[in-house]
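upload-v2.txt, holding compact mmCIF, C-alpha atoms:
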```
# COMPACT_ATOMS: atom_id res chain seq x y z
CA MET A 1 -9.97 -20.18 17.74
CA PRO A 2 -13.55 -20.91 18.87
CA PHE A 3 -12.51 -20.45 22.51
CA LEU A 4 -11.67 -16.78 21.92
CA SER A 5 -14.35 -14.12 21.97
CA THR A 6 -14.59 -11.58 19.17
CA ARG A 7 -13.15 -8.92 21.49
CA TRP A 8 -10.01 -10.96 22.17
CA ARG A 9 -9.61 -11.76 18.51
CA VAL A 10 -9.68 -8.05 17.72
CA VAL A 11 -7.14 -7.36 20.48
CA ILE A 12 -4.80 -10.00 19.06
CA LEU A 13 -5.12 -8.66 15.52
CA VAL A 14 -4.47 -5.08 16.60
CA ALA A 15 -1.44 -6.17 18.63
CA LEU A 16 0.02 -8.15 15.72
CA ALA A 17 -0.42 -5.27 13.25
CA VAL A 18 1.15 -2.73 15.61
CA ILE A 19 4.04 -4.88 16.84
CA ALA A 20 5.02 -5.98 13.32
CA TYR A 21 5.43 -2.41 12.09
CA LEU A 22 6.29 -0.56 15.32
CA PRO A 23 9.99 -0.04 14.39
CA ALA A 24 8.84 2.09 11.43
CA LEU A 25 8.14 4.90 13.91
CA THR A 26 11.90 5.54 14.07
CA LEU A 27 12.31 6.04 10.31
CA PRO A 28 12.94 9.46 8.72
CA PHE A 29 11.06 10.75 5.69
CA ILE A 30 12.20 9.40 2.33
CA VAL A 31 12.06 10.53 -1.29
CA ASP A 32 8.55 11.70 -2.30
CA ASP A 33 7.48 12.40 1.30
CA TYR A 34 9.23 15.76 1.22
CA HIS A 35 7.61 16.89 -2.01
CA GLN A 36 4.09 15.53 -1.50
CA ILE A 37 3.58 16.65 2.09
CA ALA A 38 4.76 20.13 1.09
CA LEU A 39 2.26 20.05 -1.79
CA ALA A 40 -0.55 19.04 0.57
CA ARG A 41 0.37 21.96 2.83
CA ASP A 42 0.27 24.35 -0.15
CA PHE A 43 -3.02 22.95 -1.42
CA ALA A 44 -4.61 23.45 2.00
CA ALA A 45 -3.30 27.03 2.21
CA GLN A 46 -4.86 27.81 -1.19
CA GLY A 47 -8.27 26.35 -0.41
CA TRP A 48 -7.62 23.07 -2.30
CA THR A 49 -8.42 24.58 -5.68
CA PRO A 50 -4.95 23.72 -7.12
CA LEU A 51 -5.49 20.07 -6.16
CA PHE A 52 -8.46 19.82 -8.52
CA HIS A 53 -6.27 21.01 -11.40
CA ASN A 54 -3.48 18.53 -10.59
CA LEU A 55 -4.17 15.61 -12.95
CA GLU A 56 -2.39 13.03 -10.82
CA LEU A 57 -2.87 14.02 -7.18
CA ARG A 58 -6.58 14.83 -7.44
CA SER A 59 -7.10 11.09 -7.84
CA ARG A 60 -5.52 10.72 -4.39
CA ALA A 61 -7.31 13.54 -2.63
CA THR A 62 -7.91 11.61 0.60
CA TYR A 63 -4.16 11.07 0.93
CA MET A 64 -3.48 14.76 0.38
CA LEU A 65 -6.16 15.74 2.91
CA MET A 66 -4.71 13.34 5.47
CA SER A 67 -1.17 14.62 4.87
CA ALA A 68 -2.25 18.25 5.24
CA LEU A 69 -4.12 17.47 8.46
CA LEU A 70 -1.18 15.58 9.99
CA ASP A 71 1.20 18.36 8.96
CA ARG A 72 -1.04 21.01 10.50
CA VAL A 73 -1.60 19.17 13.78
CA PHE A 74 1.82 17.59 14.34
CA GLY A 75 4.07 19.55 12.02
CA PHE A 76 6.56 18.08 9.56
CA THR A 77 7.31 15.19 11.93
CA PRO A 78 7.96 11.68 10.54
CA VAL A 79 6.66 9.78 13.56
CA ALA A 80 3.14 11.21 13.14
CA PHE A 81 2.95 10.08 9.51
CA TYR A 82 4.34 6.62 10.22
CA ALA A 83 1.93 6.24 13.16
CA ALA A 84 -0.94 7.15 10.81
CA GLY A 85 0.21 4.46 8.39
CA ILE A 86 0.25 1.84 11.14
CA LEU A 87 -3.21 2.94 12.33
CA LEU A 88 -4.58 2.65 8.80
CA HIS A 89 -3.02 -0.81 8.52
CA VAL A 90 -4.75 -1.83 11.78
CA CYS A 91 -8.10 -0.75 10.33
CA CYS A 92 -7.41 -2.68 7.11
CA VAL A 93 -6.50 -5.80 9.11
CA LEU A 94 -9.83 -5.59 10.93
CA LEU A 95 -11.61 -5.31 7.59
CA VAL A 96 -9.93 -8.52 6.44
CA TYR A 97 -11.32 -10.09 9.61
CA ALA A 98 -14.72 -8.59 8.79
CA SER A 99 -14.56 -10.31 5.38
CA GLY A 100 -15.62 -13.42 7.30
CA THR A 101 -19.15 -12.09 6.91
CA TRP A 102 -19.04 -13.86 3.55
CA THR A 103 -20.24 -17.36 4.37
CA GLU A 104 -17.76 -18.82 1.90
CA ILE A 105 -14.93 -17.56 4.15
CA GLY A 106 -16.41 -17.66 7.65
CA GLY A 107 -15.18 -16.27 10.93
CA ALA A 108 -12.42 -18.80 11.71
CA THR A 109 -10.73 -18.49 8.33
CA ALA A 110 -11.11 -14.70 8.40
CA PHE A 111 -9.37 -14.49 11.79
CA TRP A 112 -6.34 -16.48 10.66
CA ALA A 113 -6.30 -14.57 7.37
CA ALA A 114 -6.32 -11.23 9.18
CA ALA A 115 -3.56 -12.39 11.54
CA PHE A 116 -1.41 -13.29 8.55
CA PHE A 117 -2.28 -10.06 6.75
CA ALA A 118 -1.25 -8.10 9.87
CA ILE A 119 2.35 -9.38 9.88
CA GLN A 120 2.97 -10.28 6.25
CA GLU A 121 6.05 -8.44 4.98
CA GLY A 122 5.26 -8.66 1.29
CA HIS A 123 3.18 -5.47 1.22
CA GLN A 124 5.31 -3.52 3.73
CA GLU A 125 5.99 -0.52 1.52
CA ALA A 126 2.36 0.61 1.75
CA ILE A 127 2.69 0.86 5.55
CA MET A 128 6.32 1.91 5.93
CA TRP A 129 6.32 4.72 3.36
CA PRO A 130 4.04 7.72 4.06
CA ALA A 131 3.91 8.64 0.35
CA ALA A 132 2.32 5.22 -0.34
CA ALA A 133 -0.58 5.76 2.08
CA GLY A 134 -2.97 6.00 -0.87
CA ASP A 135 -2.83 2.21 -1.12
CA LEU A 136 -3.98 1.95 2.50
CA LEU A 137 -6.75 4.48 2.03
CA VAL A 138 -8.19 2.92 -1.11
CA PHE A 139 -8.11 -0.48 0.63
CA LEU A 140 -9.78 0.97 3.73
CA PHE A 141 -12.74 2.51 1.90
CA GLY A 142 -12.93 -0.08 -0.88
CA MET A 143 -12.82 -3.06 1.48
CA ALA A 144 -15.38 -1.44 3.77
CA ALA A 145 -17.64 -1.12 0.72
CA TRP A 146 -16.98 -4.76 -0.19
CA VAL A 147 -17.80 -6.06 3.31
CA CYS A 148 -21.03 -4.05 3.52
CA TRP A 149 -21.93 -5.13 0.00
CA VAL A 150 -21.53 -8.81 0.93
CA ARG A 151 -23.67 -8.36 4.03
CA TRP A 152 -26.42 -6.85 1.92
CA LEU A 153 -25.98 -9.50 -0.77
CA GLN A 154 -26.55 -12.27 1.77
CA GLY A 155 -29.80 -10.76 2.96
CA GLY A 156 -28.66 -7.79 5.00
CA GLN A 157 -30.58 -4.56 5.44
CA TRP A 158 -30.55 -1.77 2.89
CA LYS A 159 -28.49 0.40 5.23
CA CYS A 160 -25.60 -1.98 4.54
CA TYR A 161 -26.00 -1.28 0.85
CA ALA A 162 -26.15 2.48 1.47
CA ILE A 163 -22.94 2.33 3.53
CA ALA A 164 -21.32 0.29 0.75
CA ILE A 165 -22.16 3.00 -1.80
CA LEU A 166 -20.87 5.75 0.51
CA SER A 167 -17.62 3.86 1.23
CA PHE A 168 -17.09 3.24 -2.47
CA LEU A 169 -17.52 6.93 -3.20
CA LEU A 170 -14.89 7.71 -0.54
CA ALA A 171 -12.57 5.19 -2.20
CA VAL A 172 -12.89 6.94 -5.57
CA PRO A 173 -10.68 9.94 -4.61
CA SER A 174 -8.19 7.66 -2.85
CA LYS A 175 -6.38 6.01 -5.77
CA GLU A 176 -6.86 5.25 -9.46
CA SER A 177 -7.11 1.49 -8.83
CA VAL A 178 -10.46 1.89 -7.03
CA TRP A 179 -12.41 0.62 -10.05
CA ILE A 180 -11.21 -2.95 -9.45
CA PHE A 181 -13.37 -3.21 -6.32
CA ALA A 182 -16.44 -3.26 -8.55
CA ALA A 183 -15.04 -6.39 -10.20
CA LEU A 184 -14.11 -7.91 -6.83
CA MET A 185 -17.74 -7.52 -5.73
CA LEU A 186 -18.72 -10.01 -8.40
CA ILE A 187 -16.66 -12.83 -6.84
CA PRO A 188 -19.31 -13.64 -4.16
CA VAL A 189 -22.02 -13.32 -6.81
CA ALA A 190 -20.34 -15.88 -9.04
CA SER A 191 -19.88 -18.34 -6.17
CA GLU A 192 -23.61 -18.84 -5.53
CA ARG A 193 -26.17 -18.97 -8.33
CA LYS A 194 -29.04 -18.11 -5.99
CA LEU A 195 -27.43 -14.71 -5.43
CA LEU A 196 -26.96 -14.01 -9.14
CA LYS A 197 -30.06 -11.90 -9.81
CA ARG A 198 -29.80 -9.86 -6.61
CA GLY A 199 -26.04 -9.52 -7.04
CA LEU A 200 -26.07 -8.30 -10.62
CA ALA A 201 -28.79 -5.77 -9.86
CA GLY A 202 -27.02 -4.54 -6.76
CA ALA A 203 -23.63 -4.37 -8.47
CA THR A 204 -24.88 -2.15 -11.28
CA PRO A 205 -24.27 1.20 -9.48
CA PHE A 206 -20.74 0.14 -8.50
CA LEU A 207 -19.95 -0.99 -12.03
CA ALA A 208 -21.38 2.24 -13.45
CA ILE A 209 -19.31 4.38 -11.08
CA ALA A 210 -16.20 2.35 -11.90
CA LEU A 211 -16.79 2.67 -15.65
CA ALA A 212 -17.39 6.41 -15.40
CA TYR A 213 -14.23 6.79 -13.33
CA VAL A 214 -12.10 4.84 -15.82
CA LEU A 215 -13.46 6.94 -18.70
CA TRP A 216 -12.77 10.12 -16.74
CA ILE A 217 -9.18 9.04 -16.05
CA TRP A 218 -8.73 8.07 -19.69
CA MET A 219 -10.00 11.36 -21.10
CA ASN A 220 -8.19 13.57 -18.59
CA ARG A 221 -4.87 11.75 -18.20
CA VAL A 222 -4.23 8.97 -20.67
CA SER A 223 -5.49 10.62 -23.86
CA GLY A 224 -5.45 14.21 -22.64
CA MET A 225 -3.57 16.70 -24.78
CA GLY A 226 -0.05 17.33 -23.58
CA HIS A 227 -0.21 14.78 -20.79
CA GLN A 228 2.41 12.06 -20.87
CA ASP A 229 3.31 9.56 -18.16
CA ALA A 230 6.19 7.34 -19.19
CA ARG A 231 5.65 5.13 -16.13
CA PHE A 232 2.58 3.44 -17.65
CA SER A 233 1.74 2.23 -21.13
CA LEU A 234 -0.88 -0.03 -22.68
CA SER A 235 1.96 -1.57 -24.68
CA ALA A 236 3.72 -2.76 -21.52
CA PRO A 237 4.19 -6.55 -21.16
CA TRP A 238 1.20 -6.66 -18.84
CA LEU A 239 0.68 -10.43 -18.92
CA HIS A 240 4.29 -11.09 -17.98
CA ILE A 241 4.08 -8.53 -15.17
CA LEU A 242 0.79 -10.01 -13.95
CA LEU A 243 1.97 -13.62 -13.85
CA ASN A 244 5.39 -12.74 -12.46
CA SER A 245 3.87 -10.63 -9.67
CA TRP A 246 1.24 -13.27 -8.93
CA TRP A 247 3.91 -15.94 -8.60
CA LYS A 248 6.04 -13.73 -6.34
CA LEU A 249 2.97 -13.08 -4.21
CA LEU A 250 2.27 -16.79 -3.83
CA PHE A 251 5.86 -17.67 -2.88
CA PRO A 252 6.33 -19.06 -0.29
CA TRP A 253 3.27 -18.70 1.94
CA GLY A 254 0.65 -19.31 -0.75
CA LEU A 255 2.43 -22.43 -1.96
CA LEU A 256 2.69 -23.68 1.62
CA ALA A 257 -1.04 -23.09 2.09
CA ILE A 258 -1.83 -24.97 -1.11
CA ALA A 259 0.31 -27.90 0.07
CA ILE A 260 -1.58 -28.02 3.40
CA LEU A 261 -4.93 -27.96 1.63
CA LEU A 262 -3.86 -30.78 -0.69
CA TRP A 263 -2.92 -32.74 2.42
CA LEU A 264 -5.88 -32.03 4.70
CA GLY A 265 -8.31 -29.96 2.67
CA ARG A 266 -11.93 -30.69 1.93
CA PRO A 267 -13.62 -30.41 -1.49
CA SER A 268 -15.27 -27.16 -0.39
CA ASP A 269 -11.82 -25.62 0.10
CA ARG A 270 -11.36 -25.61 -3.66
CA ARG A 271 -13.99 -22.87 -4.05
CA ARG A 272 -12.39 -20.79 -1.33
CA ALA A 273 -8.92 -21.26 -2.81
CA ALA A 274 -10.25 -20.39 -6.28
CA ALA A 275 -11.86 -17.21 -4.91
CA ALA A 276 -8.56 -16.24 -3.26
CA MET A 277 -6.61 -16.83 -6.46
CA ILE A 278 -9.07 -14.82 -8.55
CA TRP A 279 -8.95 -12.01 -5.98
CA MET A 280 -5.15 -11.90 -6.20
CA LEU A 281 -5.11 -11.80 -9.98
CA LEU A 282 -7.83 -9.16 -10.30
CA ALA A 283 -6.25 -6.96 -7.62
CA LEU A 284 -2.94 -6.96 -9.52
CA VAL A 285 -4.48 -6.08 -12.90
CA PRO A 286 -4.69 -2.25 -12.48
CA PHE A 287 -0.93 -2.03 -11.97
CA CYS A 288 0.26 -4.37 -14.72
CA PHE A 289 0.98 -1.65 -17.27
CA LEU A 290 4.20 -0.46 -15.65
CA THR A 291 7.08 0.35 -17.96
CA TYR A 292 9.91 0.51 -15.42
CA MET A 293 9.88 -3.00 -13.92
CA LEU A 294 8.60 -6.50 -14.58
CA GLN A 295 7.40 -7.09 -11.02
CA LEU A 296 5.04 -4.90 -9.03
CA PRO A 297 6.57 -3.04 -6.07
CA SER A 298 5.38 -4.21 -2.67
CA ARG A 299 2.99 -1.31 -2.03
CA LEU A 300 0.93 -2.24 -5.09
CA THR A 301 0.32 -5.78 -3.76
CA TYR A 302 -1.50 -4.61 -0.62
CA LEU A 303 -4.98 -5.36 -1.96
CA ALA A 304 -3.91 -8.61 -3.61
CA SER A 305 -2.42 -9.72 -0.28
CA ALA A 306 -5.94 -10.03 1.11
CA GLY A 307 -6.49 -12.93 -1.28
CA LEU A 308 -3.21 -14.50 -0.19
CA ALA A 309 -4.34 -14.06 3.42
CA TRP A 310 -7.61 -15.90 2.69
CA LEU A 311 -5.63 -18.78 1.18
CA PHE A 312 -3.26 -18.98 4.16
CA GLY A 313 -6.13 -18.55 6.63
CA THR A 314 -8.01 -21.43 5.02
CA ALA A 315 -4.99 -23.70 5.50
CA ILE A 316 -4.55 -22.77 9.17
CA ALA A 317 -8.27 -23.15 9.88
CA ARG A 318 -8.17 -26.60 8.33
CA LEU A 319 -5.19 -27.62 10.50
CA VAL A 320 -7.08 -26.50 13.61
CA GLU A 321 -10.25 -28.26 12.52
CA ARG A 322 -8.33 -31.51 12.03
CA GLY A 323 -6.78 -31.22 15.50
CA ARG A 324 -3.22 -30.63 14.27
CA TYR A 325 -2.49 -28.22 17.10
CA SER A 326 1.24 -28.83 17.32
CA VAL A 327 1.69 -28.28 13.59
CA THR A 328 -0.50 -25.17 13.79
CA ALA A 329 1.47 -23.69 16.69
CA LEU A 330 4.80 -24.39 14.99
CA LEU A 331 3.64 -22.94 11.67
CA CYS A 332 2.28 -19.80 13.35
CA LEU A 333 5.51 -19.24 15.27
CA VAL A 334 7.67 -19.75 12.18
CA THR A 335 5.45 -17.45 10.09
CA LEU A 336 5.56 -14.75 12.76
CA ALA A 337 9.31 -15.05 13.30
CA ILE A 338 10.22 -14.95 9.60
CA ASN A 339 7.99 -12.02 8.70
CA VAL A 340 8.90 -9.95 11.76
CA GLU A 341 12.61 -10.62 11.23
CA ILE A 342 12.36 -9.44 7.63
CA LEU A 343 10.42 -6.33 8.66
CA TRP A 344 12.57 -5.41 11.65
CA VAL A 345 15.97 -6.15 10.12
CA LYS A 346 16.01 -6.32 6.32
CA LYS A 347 13.27 -3.83 5.47
CA MET A 348 14.25 -1.32 8.17
CA SER A 349 17.79 -1.41 6.78
CA GLN A 350 16.53 -0.89 3.25
CA PHE A 351 14.38 2.07 4.24
CA ARG A 352 17.25 3.69 6.12
CA GLU A 353 19.49 3.21 3.08
CA ARG A 354 16.76 4.76 0.99
CA ALA A 355 16.67 7.76 3.35
CA GLU A 356 20.46 8.20 3.36
CA PRO A 357 20.70 10.77 0.52
CA SER A 358 18.05 13.06 2.01
CA GLU A 359 19.51 12.72 5.51
CA LEU A 360 22.97 13.65 4.17
CA LEU A 361 21.50 16.68 2.43
CA LYS A 362 19.83 17.85 5.64
CA LYS A 363 23.09 17.35 7.54
CA ALA A 364 24.91 19.47 4.96
CA ALA A 365 22.21 22.13 5.23
CA ALA A 366 22.64 22.23 9.01
CA GLY A 367 26.35 23.01 8.57
CA ALA A 368 25.90 25.45 5.69
CA ASP A 369 25.72 29.19 5.97
CA GLY A 370 23.41 29.70 3.02
CA THR A 371 22.93 27.81 -0.23
CA VAL A 372 24.03 24.21 -0.77
CA SER A 373 25.58 23.53 -4.17
CA VAL A 374 24.71 20.03 -5.39
CA GLY A 375 26.97 18.18 -7.78
CA CYS A 376 25.11 14.88 -7.75
CA VAL A 377 22.65 13.04 -5.51
CA PRO A 378 20.56 9.93 -6.22
CA LEU A 379 17.32 11.93 -6.03
CA PRO A 380 15.17 13.72 -8.60
CA ASP A 381 15.86 17.45 -8.65
CA PHE A 382 12.40 18.37 -7.33
CA VAL A 383 12.92 16.06 -4.35
CA THR A 384 16.35 17.57 -3.65
CA VAL A 385 14.76 21.04 -3.67
CA ALA A 386 11.99 19.87 -1.32
CA VAL A 387 14.44 18.20 1.09
CA LEU A 388 16.55 21.33 1.47
CA LYS A 389 13.51 23.59 1.56
CA SER A 390 12.14 21.53 4.49
CA VAL A 391 15.11 22.74 6.58
CA GLY A 392 15.06 26.30 5.23
CA THR A 393 17.92 25.99 2.74
CA THR A 394 18.05 26.70 -0.99
CA VAL A 395 19.92 24.68 -3.59
CA VAL A 396 22.02 25.33 -6.68
CA PHE A 397 22.62 22.49 -9.12
CA GLN A 398 26.13 22.41 -10.55
CA HIS A 399 25.12 20.22 -13.49
CA PRO A 400 21.35 20.69 -14.05
CA ASP A 401 21.13 18.40 -17.07
CA ALA A 402 23.41 15.62 -15.80
CA PRO A 403 21.84 12.15 -15.44
CA HIS A 404 21.30 10.91 -11.90
CA SER A 405 23.47 8.18 -10.43
CA ASP A 406 22.19 5.87 -7.71
CA SER A 407 25.51 5.93 -5.87
CA CYS A 408 26.91 9.46 -6.40
CA TYR A 409 26.75 12.07 -3.64
CA SER A 410 28.65 15.36 -4.01
CA VAL A 411 27.80 18.74 -2.45
CA ASP A 412 29.63 22.01 -1.72
CA TYR A 413 28.80 24.76 0.75
CA ARG A 414 30.36 27.35 3.03
CA ASP A 415 30.12 26.59 6.72
CA HIS A 416 29.32 29.12 9.43
CA GLN A 417 33.00 30.07 9.69
CA GLY A 418 33.15 30.89 5.99
CA HIS A 419 35.19 27.82 5.01
CA LEU A 420 34.42 26.06 1.75
CA VAL A 421 33.33 22.47 2.43
CA HIS A 422 33.26 19.75 -0.20
CA GLU A 423 31.53 16.46 0.61
CA ALA A 424 31.75 13.56 -1.79
CA ARG A 425 31.14 9.89 -1.25
CA LYS A 426 29.89 6.83 -3.02
CA LEU A 427 26.63 5.60 -1.58
CA GLY A 428 26.11 1.88 -1.23
CA ALA A 429 22.65 0.41 -1.59
CA ALA A 430 20.92 3.74 -1.26
CA ARG A 431 18.65 4.57 -4.16
CA HIS A 432 15.63 6.68 -4.91
CA GLY A 433 13.64 3.96 -6.67
CA THR A 434 11.22 1.45 -5.23
CA PHE A 435 12.00 -2.02 -3.96
CA TYR A 436 10.13 -5.27 -3.44
```
Could I get this structure in the form of structure tokens?
Amino acid sequence: MPFLSTRWRVVILVALAVIAYLPALTLPFIVDDYHQIALARDFAAQGWTPLFHNLELRSRATYMLMSALLDRVFGFTPVAFYAAGILLHVCCVLLVYASGTWTEIGGATAFWAAAFFAIQEGHQEAIMWPAAAGDLLVFLFGMAAWVCWVRWLQGGQWKCYAIAILSFLLAVPSKESVWIFAALMLIPVASERKLLKRGLAGATPFLAIALAYVLWIWMNRVSGMGHQDARFSLSAPWLHILLNSWWKLLFPWGLLAIAILLWLGRPSDRRRAAAAMIWMLLALVPFCFLTYMLQLPSRLTYLASAGLAWLFGTAIARLVERGRYSVTALLCLVTLAINVEILWVKKMSQFRERAEPSELLKKAAAGADGTVSVGCVPLPDFVTVAVLKSVGTTVVFQHPDAPHSDSCYSVDYRDHQGHLVHEARKLGAARHGTFY
């Protein structure tokens, strides 16, 4: 859109990102939100010392700090946390637009890429689930470091490099996957041989920080005495998970973009498409050692989606360049309509179903005169405790060692008139696990 100024492009991108996810402001808290926000509140009250000793959450310190701040300013109110997620997404969208500073991408492609990234439903869990905000924060700081790094790499001032280092250091306590940004910084280096010497020298601090971080995680969590995390394993079918998740990420928008580029693309588009594909694959690698599913959940594809956005943005930019305005307008409208419909209807329904067990527990607590006795709920016990604690109610588990069922809901309590109340129902699609 050469006829649009940078200011109007930014306005459009912000509007798209907000409108696409605006309905999320009406969602209640779900699953881990209750436990993790309460932990952030406790950490803040104790001067943050316990956070340093928490092997998992100290790697996501920025998320805990943000949660504690939101809780202190706005209270335990869902709308504040969902609004924060949307605001972070807006900032990440603008960073995708800023990636056009890399000459291989350019401003036009970056604008269309950012517009697609703003509305794309494939990574919705990172935005629509407060407990997944770590994926937004690591993208925010890591991508800011990447953009500043590229500016320096292409002849920018040393202050760009200094900001890149600072942003990378802020990304380190945001999520364990931060190390992959050091590898992503090598993509622009590999694309132009004249940048090789400067790039390798400049990338050394980032690679050293990433290596030190991986070793620190390995010694303190993976091989640490007494620490076990059954969710991840080096023996997981990582290649199958990687290729399966990559294919799911490409379908259908990436395949459509490839088809357009085969139709109208130029030889130079091959480099850009190759860079996008490599970005997607590398960004998925840190999460490919899952043991509980063979496809990555949507929140873990947020970074990889930037590569998909570049691919789609390249296709749209090429349509515009070739004067295919009618095709461009139709494709943009269809893309917007499909993604927004999925977000507003399908995903909103899924998140409400996911919140059903905790909302039922809070409803029971409101009618109870004292403790709620839980027979079965599709939630981990610590989440059940946190949900009821959030409304000032304690819990007793009737069968502490019983396995959890995704559809069973049974509670007993005495109401304010002293009558014994038994609630039992079979939940439909509600579940405590993740979804795509």
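The smallest atom-to-atom distance between A:Leu196 and any of A:Ile316, A:Leu13, A:Leu264, A:Leu153, using all atoms listed in the file, is found for A:Leu153.
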Stretch 274-360 of chain A residues near stretch 415-425 of chain A within 12 Å, closest pair each, using only C-alpha atoms, as a Markdown table:
```
| residue | atom | partner | partner_atom | distance |
| --- | --- | --- | --- | --- |
| A:Glu356 | CA | A:Arg425 | CA | 11.8 |
| A:Pro357 | CA | A:Arg425 | CA | 10.6 |
| A:Leu360 | CA | A:Glu423 | CA | 9.7 |
```
Q | 6 Å contact set for A:Gly199, all atoms listed in the file, chain neighbours under 4 positions out, as a list in words | A | Val189, Leu195 and Ala203 of chain A
Q | Two-atom distance - atom CA of A:Ala315, atom CA of A:Tyr21 (Å) | A | 24.6 Å
Q. Around (13.1, 0.5, 8.5) in the file's frame, which residues reach within 8 Å when counting only C-alpha atoms? Return as a PyMOL selection string?
A. chain A and resi 23-24+26-27+128+343-352
Based on the selection just made, write C-alpha atoms of those residues as a compact mmCIF listing (two decimals), keeping the file's coordinate frame.
```txt
# COMPACT_ATOMS: atom_id res chain seq x y z
CA PRO A 23 9.99 -0.04 14.39
CA ALA A 24 8.84 2.09 11.43
CA THR A 26 11.90 5.54 14.07
CA LEU A 27 12.31 6.04 10.31
CA MET A 128 6.32 1.91 5.93
CA LEU A 343 10.42 -6.33 8.66
CA TRP A 344 12.57 -5.41 11.65
CA VAL A 345 15.97 -6.15 10.12
CA LYS A 346 16.01 -6.32 6.32
CA LYS A 347 13.27 -3.83 5.47
CA MET A 348 14.25 -1.32 8.17
CA SER A 349 17.79 -1.41 6.78
CA GLN A 350 16.53 -0.89 3.25
CA PHE A 351 14.38 2.07 4.24
CA ARG A 352 17.25 3.69 6.12
```
